[in-house]
Amino acid sequence: MAEKFGVLMVRDGIISDEDLDNAIERQVLCGGSLDTNFLELSISDEPTITYYLSCATKKPSVSFDTLKQFPLIALEKLSPKLAKYHRFIPFDFSDNTLSIMVQDNADQRIIEAIASDLKLKIIPHITTEMRIFEAINEFYHSELPDRYHQLIEKYQKKIFINTQKQKDENHESISTEPLLNEQRFQA
């Protein structure tokens, strides 16, 4: 399944065949999921990768923003041991339906068995391996492997830089607007 989302990205011109080959080669050497290797090699950004994971798995995606909005009731539906072992992270619960974050290789039979045991409907949502590890660290207090810690730090810095750039651009447009209005009034 992992290669499938990479092939879709090549097909759509998001990445090259060489990028995909490099990420697969790195995955063989270093482990981790293909999406992790894409992020570490800066081949593509997380929202794009998540979109293509969703397309390849035909599962809805969940973004990193969702990490800050987990209701406790959702987290309580799966035992920490079960959540960590299968990397199924509950993030929403309503109307007897539990939404969980999963990676692209999540076994649907296990999801169905857990749903049957819990007498709940479970809807898996795809996300990156990095966000699964981040959620396990945040909500189940498991140690975050260095690889994912560094990647999360790198990505958060990238988000901050983009946010700061956007703020700077907005500030520039806001600060010049009054000047333009003043010039109109002086003419």
# chains A, B, ... in the order shown; residues from 1 in each chain; ligands from 1

call {"tool": "residues_around", "arguments": {"residues": "Asn137 of chain A", "least_positions_apart": "4", "cutoff": "12 Å", "atoms": "only C-alpha atoms", "output": "ChimeraX atom specification"}}
result
/A:67,80,83-84,87,89,130-133,141-146,148-149,152

call {"tool": "residues_around", "arguments": {"residues": "segment 15-24 of chain A", "least_positions_apart": "2", "cutoff": "10 Å", "atoms": "only C-alpha atoms", "output": "JSON, numbers by chain"}}
result
{"A": [2, 3, 6, 7, 8, 9, 10, 11, 12, 13, 26, 27, 28, 29, 30, 31, 33, 34, 35, 36, 37, 38, 39, 40, 41, 42, 43, 44]}

call {"tool": "atom_distance", "arguments": {"atom1": "atom CA of Glu138 of chain A", "atom2": "atom CA of Leu78 of chain A"}}
result
15.3 Å

call {"tool": "decode", "arguments": {"residues": "segment 118-152 of chain A", "atoms": "N, CA, C and O atoms", "output": "PDB file, in the first residue's frame"}}
result
ATOM      1  N   LEU A 118     -15.968  -3.806  21.256  1.00  0.00           N
ATOM      2  CA  LEU A 118     -16.401  -2.582  21.938  1.00  0.00           C
ATOM      3  C   LEU A 118     -17.862  -2.230  21.646  1.00  0.00           C
ATOM      4  O   LEU A 118     -18.408  -1.316  22.268  1.00  0.00           O
ATOM      5  N   LYS A 119     -18.453  -2.946  20.684  1.00  0.00           N
ATOM      6  CA  LYS A 119     -19.823  -2.660  20.247  1.00  0.00           C
ATOM      7  C   LYS A 119     -19.967  -1.201  19.800  1.00  0.00           C
ATOM      8  O   LYS A 119     -20.890  -0.489  20.170  1.00  0.00           O
ATOM      9  N   LEU A 120     -18.987  -0.796  18.999  1.00  0.00           N
ATOM     10  CA  LEU A 120     -18.944   0.554  18.451  1.00  0.00           C
ATOM     11  C   LEU A 120     -18.696   0.482  16.949  1.00  0.00           C
ATOM     12  O   LEU A 120     -18.115  -0.484  16.462  1.00  0.00           O
ATOM     13  N   LYS A 121     -19.073   1.510  16.272  1.00  0.00           N
ATOM     14  CA  LYS A 121     -18.647   1.681  14.890  1.00  0.00           C
ATOM     15  C   LYS A 121     -17.300   2.410  14.960  1.00  0.00           C
ATOM     16  O   LYS A 121     -17.167   3.393  15.700  1.00  0.00           O
ATOM     17  N   ILE A 122     -16.309   1.914  14.227  1.00  0.00           N
ATOM     18  CA  ILE A 122     -14.998   2.568  14.212  1.00  0.00           C
ATOM     19  C   ILE A 122     -14.689   3.028  12.796  1.00  0.00           C
ATOM     20  O   ILE A 122     -14.787   2.243  11.851  1.00  0.00           O
ATOM     21  N   ILE A 123     -14.340   4.294  12.688  1.00  0.00           N
ATOM     22  CA  ILE A 123     -13.971   4.864  11.388  1.00  0.00           C
ATOM     23  C   ILE A 123     -12.487   5.208  11.421  1.00  0.00           C
ATOM     24  O   ILE A 123     -12.067   6.102  12.169  1.00  0.00           O
ATOM     25  N   PRO A 124     -11.678   4.487  10.632  1.00  0.00           N
ATOM     26  CA  PRO A 124     -10.246   4.810  10.586  1.00  0.00           C
ATOM     27  C   PRO A 124      -9.982   6.012   9.684  1.00  0.00           C
ATOM     28  O   PRO A 124     -10.582   6.143   8.622  1.00  0.00           O
ATOM     29  N   HIS A 125      -9.101   6.888  10.134  1.00  0.00           N
ATOM     30  CA  HIS A 125      -8.663   8.057   9.373  1.00  0.00           C
ATOM     31  C   HIS A 125      -7.154   7.962   9.212  1.00  0.00           C
ATOM     32  O   HIS A 125      -6.439   7.715  10.180  1.00  0.00           O
ATOM     33  N   ILE A 126      -6.692   8.200   8.026  1.00  0.00           N
ATOM     34  CA  ILE A 126      -5.270   8.045   7.715  1.00  0.00           C
ATOM     35  C   ILE A 126      -4.482   9.283   8.139  1.00  0.00           C
ATOM     36  O   ILE A 126      -4.987  10.403   8.049  1.00  0.00           O
ATOM     37  N   THR A 127      -3.272   9.062   8.607  1.00  0.00           N
ATOM     38  CA  THR A 127      -2.348  10.142   8.912  1.00  0.00           C
ATOM     39  C   THR A 127      -0.928   9.614   8.738  1.00  0.00           C
ATOM     40  O   THR A 127      -0.728   8.448   8.430  1.00  0.00           O
ATOM     41  N   THR A 128       0.034  10.470   8.932  1.00  0.00           N
ATOM     42  CA  THR A 128       1.427  10.054   8.777  1.00  0.00           C
ATOM     43  C   THR A 128       1.905   9.303  10.022  1.00  0.00           C
ATOM     44  O   THR A 128       1.379   9.489  11.118  1.00  0.00           O
ATOM     45  N   GLU A 129       2.914   8.493   9.815  1.00  0.00           N
ATOM     46  CA  GLU A 129       3.527   7.751  10.919  1.00  0.00           C
ATOM     47  C   GLU A 129       4.027   8.720  11.989  1.00  0.00           C
ATOM     48  O   GLU A 129       3.894   8.458  13.193  1.00  0.00           O
ATOM     49  N   MET A 130       4.568   9.843  11.573  1.00  0.00           N
ATOM     50  CA  MET A 130       5.082  10.842  12.499  1.00  0.00           C
ATOM     51  C   MET A 130       3.990  11.296  13.466  1.00  0.00           C
ATOM     52  O   MET A 130       4.223  11.411  14.670  1.00  0.00           O
ATOM     53  N   ARG A 131       2.789  11.547  12.969  1.00  0.00           N
ATOM     54  CA  ARG A 131       1.698  12.031  13.821  1.00  0.00           C
ATOM     55  C   ARG A 131       1.182  10.930  14.740  1.00  0.00           C
ATOM     56  O   ARG A 131       0.737  11.204  15.854  1.00  0.00           O
ATOM     57  N   ILE A 132       1.239   9.677  14.295  1.00  0.00           N
ATOM     58  CA  ILE A 132       0.868   8.557  15.166  1.00  0.00           C
ATOM     59  C   ILE A 132       1.819   8.528  16.366  1.00  0.00           C
ATOM     60  O   ILE A 132       1.382   8.471  17.519  1.00  0.00           O
ATOM     61  N   PHE A 133       3.119   8.589  16.099  1.00  0.00           N
ATOM     62  CA  PHE A 133       4.097   8.571  17.192  1.00  0.00           C
ATOM     63  C   PHE A 133       3.954   9.794  18.088  1.00  0.00           C
ATOM     64  O   PHE A 133       4.102   9.697  19.311  1.00  0.00           O
ATOM     65  N   GLU A 134       3.674  10.934  17.491  1.00  0.00           N
ATOM     66  CA  GLU A 134       3.488  12.148  18.289  1.00  0.00           C
ATOM     67  C   GLU A 134       2.293  11.993  19.226  1.00  0.00           C
ATOM     68  O   GLU A 134       2.365  12.357  20.406  1.00  0.00           O
ATOM     69  N   ALA A 135       1.195  11.440  18.722  1.00  0.00           N
ATOM     70  CA  ALA A 135      -0.002  11.241  19.545  1.00  0.00           C
ATOM     71  C   ALA A 135       0.244  10.211  20.651  1.00  0.00           C
ATOM     72  O   ALA A 135      -0.197  10.396  21.790  1.00  0.00           O
ATOM     73  N   ILE A 136       0.941   9.130  20.327  1.00  0.00           N
ATOM     74  CA  ILE A 136       1.269   8.121  21.348  1.00  0.00           C
ATOM     75  C   ILE A 136       2.105   8.753  22.452  1.00  0.00           C
ATOM     76  O   ILE A 136       1.867   8.523  23.637  1.00  0.00           O
ATOM     77  N   ASN A 137       3.059   9.578  22.057  1.00  0.00           N
ATOM     78  CA  ASN A 137       3.888  10.279  23.038  1.00  0.00           C
ATOM     79  C   ASN A 137       3.052  11.231  23.887  1.00  0.00           C
ATOM     80  O   ASN A 137       3.154  11.247  25.114  1.00  0.00           O
ATOM     81  N   GLU A 138       2.215  12.002  23.248  1.00  0.00           N
ATOM     82  CA  GLU A 138       1.426  13.031  23.930  1.00  0.00           C
ATOM     83  C   GLU A 138       0.367  12.445  24.864  1.00  0.00           C
ATOM     84  O   GLU A 138       0.221  12.881  25.996  1.00  0.00           O
ATOM     85  N   PHE A 139      -0.373  11.451  24.393  1.00  0.00           N
ATOM     86  CA  PHE A 139      -1.531  10.969  25.138  1.00  0.00           C
ATOM     87  C   PHE A 139      -1.278   9.724  25.973  1.00  0.00           C
ATOM     88  O   PHE A 139      -2.004   9.460  26.915  1.00  0.00           O
ATOM     89  N   TYR A 140      -0.255   8.961  25.628  1.00  0.00           N
ATOM     90  CA  TYR A 140       0.027   7.728  26.367  1.00  0.00           C
ATOM     91  C   TYR A 140       1.405   7.767  27.017  1.00  0.00           C
ATOM     92  O   TYR A 140       1.863   6.771  27.563  1.00  0.00           O
ATOM     93  N   HIS A 141       2.055   8.900  26.946  1.00  0.00           N
ATOM     94  CA  HIS A 141       3.325   9.156  27.635  1.00  0.00           C
ATOM     95  C   HIS A 141       4.396   8.114  27.321  1.00  0.00           C
ATOM     96  O   HIS A 141       5.168   7.737  28.189  1.00  0.00           O
ATOM     97  N   SER A 142       4.422   7.669  26.094  1.00  0.00           N
ATOM     98  CA  SER A 142       5.472   6.767  25.629  1.00  0.00           C
ATOM     99  C   SER A 142       6.616   7.616  25.092  1.00  0.00           C
ATOM    100  O   SER A 142       6.388   8.682  24.520  1.00  0.00           O
ATOM    101  N   GLU A 143       7.800   7.107  25.259  1.00  0.00           N
ATOM    102  CA  GLU A 143       8.962   7.841  24.780  1.00  0.00           C
ATOM    103  C   GLU A 143       8.909   7.954  23.254  1.00  0.00           C
ATOM    104  O   GLU A 143       8.601   6.991  22.556  1.00  0.00           O
ATOM    105  N   LEU A 144       9.199   9.127  22.783  1.00  0.00           N
ATOM    106  CA  LEU A 144       9.207   9.388  21.348  1.00  0.00           C
ATOM    107  C   LEU A 144      10.579   9.034  20.798  1.00  0.00           C
ATOM    108  O   LEU A 144      11.587   9.604  21.239  1.00  0.00           O
ATOM    109  N   PRO A 145      10.661   8.066  19.872  1.00  0.00           N
ATOM    110  CA  PRO A 145      11.971   7.743  19.287  1.00  0.00           C
ATOM    111  C   PRO A 145      12.615   8.998  18.685  1.00  0.00           C
ATOM    112  O   PRO A 145      11.930   9.867  18.135  1.00  0.00           O
ATOM    113  N   ASP A 146      13.938   9.094  18.799  1.00  0.00           N
ATOM    114  CA  ASP A 146      14.680  10.272  18.326  1.00  0.00           C
ATOM    115  C   ASP A 146      14.321  10.640  16.895  1.00  0.00           C
ATOM    116  O   ASP A 146      14.185  11.819  16.566  1.00  0.00           O
ATOM    117  N   ARG A 147      14.183   9.647  16.070  1.00  0.00           N
ATOM    118  CA  ARG A 147      13.891   9.899  14.656  1.00  0.00           C
ATOM    119  C   ARG A 147      12.633  10.757  14.502  1.00  0.00           C
ATOM    120  O   ARG A 147      12.612  11.716  13.729  1.00  0.00           O
ATOM    121  N   TYR A 148      11.588  10.419  15.227  1.00  0.00           N
ATOM    122  CA  TYR A 148      10.317  11.139  15.106  1.00  0.00           C
ATOM    123  C   TYR A 148      10.369  12.462  15.856  1.00  0.00           C
ATOM    124  O   TYR A 148       9.771  13.447  15.416  1.00  0.00           O
ATOM    125  N   HIS A 149      11.093  12.494  16.959  1.00  0.00           N
ATOM    126  CA  HIS A 149      11.267  13.751  17.687  1.00  0.00           C
ATOM    127  C   HIS A 149      11.936  14.792  16.779  1.00  0.00           C
ATOM    128  O   HIS A 149      11.487  15.927  16.676  1.00  0.00           O
ATOM    129  N   GLN A 150      13.007  14.385  16.110  1.00  0.00           N
ATOM    130  CA  GLN A 150      13.723  15.291  15.209  1.00  0.00           C
ATOM    131  C   GLN A 150      12.841  15.712  14.031  1.00  0.00           C
ATOM    132  O   GLN A 150      12.848  16.874  13.623  1.00  0.00           O
ATOM    133  N   LEU A 151      12.081  14.773  13.514  1.00  0.00           N
ATOM    134  CA  LEU A 151      11.222  15.081  12.374  1.00  0.00           C
ATOM    135  C   LEU A 151      10.107  16.045  12.772  1.00  0.00           C
ATOM    136  O   LEU A 151       9.824  17.008  12.054  1.00  0.00           O
ATOM    137  N   ILE A 152       9.495  15.809  13.919  1.00  0.00           N
ATOM    138  CA  ILE A 152       8.434  16.707  14.404  1.00  0.00           C
ATOM    139  C   ILE A 152       9.007  18.093  14.651  1.00  0.00           C
ATOM    140  O   ILE A 152       8.413  19.098  14.267  1.00  0.00           O
TER     141      ILE A 152
END
